[in-house]
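Notes to accompany the following structure.
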Amino acid sequence: MQKVRKQVDGLPPGQLITYADLGLGPDQFAAVAAALSRLYKQGVLQRFSRGTYFRPKETRFGNLRPSQANVVETLTTKQGRPAGYASGASVYNQLGYTTQVPGEIVIATPRPRRRLPERVRFVLGQTPKRPGDVPLLQLLDVLRDIKRISDTTPDQVVERLRLQLAKLDESARQRLTWLARKAAPRARALLGALLELQGDRHNAERLHKTLNQVTSYQLGISHLALPNRELWRIR
């Protein structure tokens with residue numbers, strides 16, 4: 001209890017705390033869990049979700065909860081390795097696709113949790129294998145959700161996507177194409193069309209081969225925004 005209390009007092013207010021964060025061995029997890037639970041009952045800690053606590057920061061307006069960045073970092077990391085990434089409206093806002101300020105945090109992960117913390121939603125997604133995978137996976141989510149992004153139109157999203165894809169070097173485009181193999185077919189079709197417009201015929205052809213040639217994709221994109229949309233059966 002003394003060891004746990006000392007470590008907790010040394011952490012900044014608002015930082016999420018799990019059993020593994022306290023640097024004690026797995027054989028001590030039961031004792032750590034009991035100590036954290038006792039600190040919670042004493043009011044030293046507040047519970048964020050099952051097995052996760054934080055030391056509240058006191059202000060004149062009350063206790064502040066953990067920041068979104070802290071929540072995302074905790075929920076997308078497991079034993080020091082990436083276990084998911086931030087997605088949804090908050091990311092689309094940061095990338096400039098929408099002005100909507102979301103009220104929830106969306107985490108993409110292969111294994112969504114059953115017990116959800118407050119204001120957190122899990123969706124199925126890939127595990128980032130490299131540091132640079134997260135922004136590429138987030139781009140694939142934009143492609144997938146193009147019709148569901150608020151305060152914009154599919155044509156406007158396509159225009160911004162073209163600008164962002166133009167900034168990627170060859171290795172990043174190849175990696176994006178490789179990651180897209182597990183993306184929704186509509187995301188693969190739209191990515192292939194955009195890469196083709198930018199002259200990347202090699203990666204566009206790789207994506208074209210993964211698609212069902214009789215399936216069409218109703219994305220609400222105009223011919224003006226995507227001149228080659230018919231070749232990719234995009235409407």
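Convention: chains lettered A, B, ... in structure tokens order; per-chain residue numbering from 1; ligands numbered from 1 as shown.
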(message) Give me, as a list of chain:residue names, all polymer residues having an atom no more than 12 Å from Asn212 of chain A, counting only C-alpha atoms and skipping those fewer than 6 positions away in the same chain.
(response) A:Ala184, A:Pro185, A:Arg186, A:Arg188, A:Ala189, A:Trp232, A:Arg233
(message) Could you list, as an MDAnalysis selection string, every residue within 9 Å of Leu16 of chain A, counting only C-alpha atoms and ignoring same-chain residues fewer than 4 positions away?
(response) chainID A and resid 21 48 52:55 66 70:71 74
Go ahead and save the residues from that selection, with N, CA and C atoms, as a CSV table (one decimal), in the first residue's frame.
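Result file part16.csv:
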chain,number,residue,atom,x,y,z
A,21,ASP,N,1.1,0.1,-14.9
A,21,ASP,CA,1.8,1.4,-14.9
A,21,ASP,C,2.7,1.5,-13.6
A,48,PHE,N,-11.8,5.5,-13.7
A,48,PHE,CA,-12.1,5.9,-15.1
A,48,PHE,C,-12.9,4.7,-15.7
A,52,THR,N,-8.8,0.9,-14.1
A,52,THR,CA,-8.1,2.1,-14.5
A,52,THR,C,-8.6,3.3,-13.7
A,53,TYR,N,-7.6,4.0,-13.1
A,53,TYR,CA,-7.9,5.1,-12.2
A,53,TYR,C,-7.2,6.4,-12.6
A,54,PHE,N,-7.5,7.5,-11.9
A,54,PHE,CA,-6.7,8.7,-12.1
A,54,PHE,C,-6.8,9.5,-10.8
A,55,ARG,N,-5.8,10.3,-10.6
A,55,ARG,CA,-5.8,11.3,-9.5
A,55,ARG,C,-6.3,12.6,-10.0
A,66,PRO,N,-9.2,13.1,-17.0
A,66,PRO,CA,-8.1,13.0,-17.8
A,66,PRO,C,-8.3,13.6,-19.2
A,70,ASN,N,-4.5,11.8,-23.1
A,70,ASN,CA,-4.1,10.8,-22.1
A,70,ASN,C,-5.0,9.5,-22.2
A,71,VAL,N,-6.3,9.7,-22.4
A,71,VAL,CA,-7.2,8.6,-22.6
A,71,VAL,C,-6.8,7.8,-23.8
A,74,THR,N,-3.6,5.7,-23.3
A,74,THR,CA,-3.8,4.6,-22.4
A,74,THR,C,-4.6,3.5,-23.1
(request) Write out as a list in words each polymer residue whose atoms come within 9 Å of Leu194 of chain A, counting only C-alpha atoms; drop sequence neighbours fewer than 6 positions from it. (result)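 So the residues in contact are Val158, Leu161, Arg162, Leu165, Asp200, Ala204, Leu226 and Asn228 of chain A.
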(message) Neighbouring residues of segment 36-40 of chain A were defined as those with any atom within 12 Å, considering only C-alpha atoms; residues of the same chain fewer than 6 positions away were excluded. Please report them as number ranges by chain.
(response) A: 1-9, 17-22, 29-30, 46-56
Please provide the set of residues having any atom within 12 Å of Thr153 of chain A, restricted to only C-alpha atoms, with same-chain residues fewer than 4 positions apart removed, written as a PDB file with N, CA and C atoms, in the first residue's frame.
ATOM      1  N   TYR A  97     -11.182  17.738 -41.811  1.00  0.00           N
ATOM      2  CA  TYR A  97     -12.286  17.281 -42.650  1.00  0.00           C
ATOM      3  C   TYR A  97     -13.642  17.757 -42.142  1.00  0.00           C
ATOM      4  N   THR A  98     -13.727  18.144 -40.891  1.00  0.00           N
ATOM      5  CA  THR A  98     -14.991  18.594 -40.324  1.00  0.00           C
ATOM      6  C   THR A  98     -14.726  19.582 -39.201  1.00  0.00           C
ATOM      7  N   ASP A 145     -15.468   6.278 -44.235  1.00  0.00           N
ATOM      8  CA  ASP A 145     -16.578   7.036 -43.649  1.00  0.00           C
ATOM      9  C   ASP A 145     -16.939   8.286 -44.441  1.00  0.00           C
ATOM     10  N   ILE A 146     -16.532   8.382 -45.676  1.00  0.00           N
ATOM     11  CA  ILE A 146     -16.659   9.621 -46.435  1.00  0.00           C
ATOM     12  C   ILE A 146     -18.088  10.165 -46.458  1.00  0.00           C
ATOM     13  N   LYS A 147     -19.079   9.296 -46.442  1.00  0.00           N
ATOM     14  CA  LYS A 147     -20.471   9.755 -46.470  1.00  0.00           C
ATOM     15  C   LYS A 147     -20.993  10.117 -45.087  1.00  0.00           C
ATOM     16  N   ARG A 148     -20.257   9.730 -44.031  1.00  0.00           N
ATOM     17  CA  ARG A 148     -20.757   9.939 -42.671  1.00  0.00           C
ATOM     18  C   ARG A 148     -20.041  11.068 -41.933  1.00  0.00           C
ATOM     19  N   ILE A 149     -19.114  11.741 -42.587  1.00  0.00           N
ATOM     20  CA  ILE A 149     -18.392  12.826 -41.932  1.00  0.00           C
ATOM     21  C   ILE A 149     -19.273  14.083 -41.943  1.00  0.00           C
ATOM     22  N   VAL A 157     -14.395  16.259 -49.150  1.00  0.00           N
ATOM     23  CA  VAL A 157     -13.478  15.295 -48.544  1.00  0.00           C
ATOM     24  C   VAL A 157     -12.492  14.780 -49.588  1.00  0.00           C
ATOM     25  N   VAL A 158     -12.986  14.491 -50.791  1.00  0.00           N
ATOM     26  CA  VAL A 158     -12.111  14.015 -51.868  1.00  0.00           C
ATOM     27  C   VAL A 158     -11.042  15.049 -52.193  1.00  0.00           C
ATOM     28  N   GLU A 159     -11.433  16.314 -52.241  1.00  0.00           N
ATOM     29  CA  GLU A 159     -10.467  17.367 -52.542  1.00  0.00           C
ATOM     30  C   GLU A 159      -9.345  17.394 -51.509  1.00  0.00           C
ATOM     31  N   ARG A 160      -9.700  17.266 -50.239  1.00  0.00           N
ATOM     32  CA  ARG A 160      -8.675  17.287 -49.195  1.00  0.00           C
ATOM     33  C   ARG A 160      -7.849  16.007 -49.203  1.00  0.00           C
ATOM     34  N   LEU A 219     -21.151   6.504 -53.154  1.00  0.00           N
ATOM     35  CA  LEU A 219     -20.459   7.393 -52.236  1.00  0.00           C
ATOM     36  C   LEU A 219     -20.864   8.853 -52.384  1.00  0.00           C
ATOM     37  N   GLY A 220     -21.697   9.168 -53.356  1.00  0.00           N
ATOM     38  CA  GLY A 220     -22.157  10.547 -53.521  1.00  0.00           C
ATOM     39  C   GLY A 220     -21.090  11.494 -54.022  1.00  0.00           C
ATOM     40  N   ILE A 221     -20.128  10.990 -54.783  1.00  0.00           N
ATOM     41  CA  ILE A 221     -19.040  11.815 -55.314  1.00  0.00           C
ATOM     42  C   ILE A 221     -19.333  12.177 -56.759  1.00  0.00           C
ATOM     43  N   SER A 222     -19.146  13.429 -57.102  1.00  0.00           N
ATOM     44  CA  SER A 222     -19.439  13.896 -58.451  1.00  0.00           C
ATOM     45  C   SER A 222     -18.303  13.563 -59.411  1.00  0.00           C
ATOM     46  N   ALA A 225     -15.365  16.025 -59.097  1.00  0.00           N
ATOM     47  CA  ALA A 225     -14.406  15.776 -58.019  1.00  0.00           C
ATOM     48  C   ALA A 225     -13.545  14.550 -58.296  1.00  0.00           C
TER      49      ALA A 225
END
(request) Please identify all polymer residues within 7 Å of Pro128 of chain A, counting only C-alpha atoms, omitting same-chain residues fewer than 3 positions from it, and present them as a PyMOL selection string. (result) chain A and resi 82+84+133-134
Can those selected residues be exported to a file as a short mmCIF file (atom, residue, chain, number, x, y, z; two decimals), in the first residue's frame so that it contains C-alpha atoms?
data_model
loop_
_atom_site.label_atom_id
_atom_site.label_comp_id
_atom_site.auth_asym_id
_atom_site.auth_seq_id
_atom_site.Cartn_x
_atom_site.Cartn_y
_atom_site.Cartn_z
CA PRO A 82 0.38 -0.30 -29.94
CA GLY A 84 -5.15 0.47 -31.55
CA ASP A 133 0.91 3.30 -39.58
CA VAL A 134 -1.48 5.37 -37.45
#
(request) Kindly indicate which residue among A:Gln94, A:Ser87, A:Thr152, A:Gln42 lies nearest to Val123 of chain A, using only C-alpha atoms for the distances. (result)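 Ranking A:Gln94, A:Ser87, A:Thr152, A:Gln42 by distance to Val123 of chain A, first place goes to A:Ser87.
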(request) Apply DSSP to the structure's backbone, then extract all residues of segment 20-218 of chain A labelled alpha helix (DSSP H) and return them as a ChimeraX atom specification. (result) /A:29-41,68-75,89-94,133-144,154-166,170-179,185-197,201-208
(request) Using only C-alpha atoms, pick whichever of A:Gly103, A:Gly192, A:Pro131, A:Pro110 has the shortest atom-to-atom distance to Leu231 of chain A. (result) A:Gly192
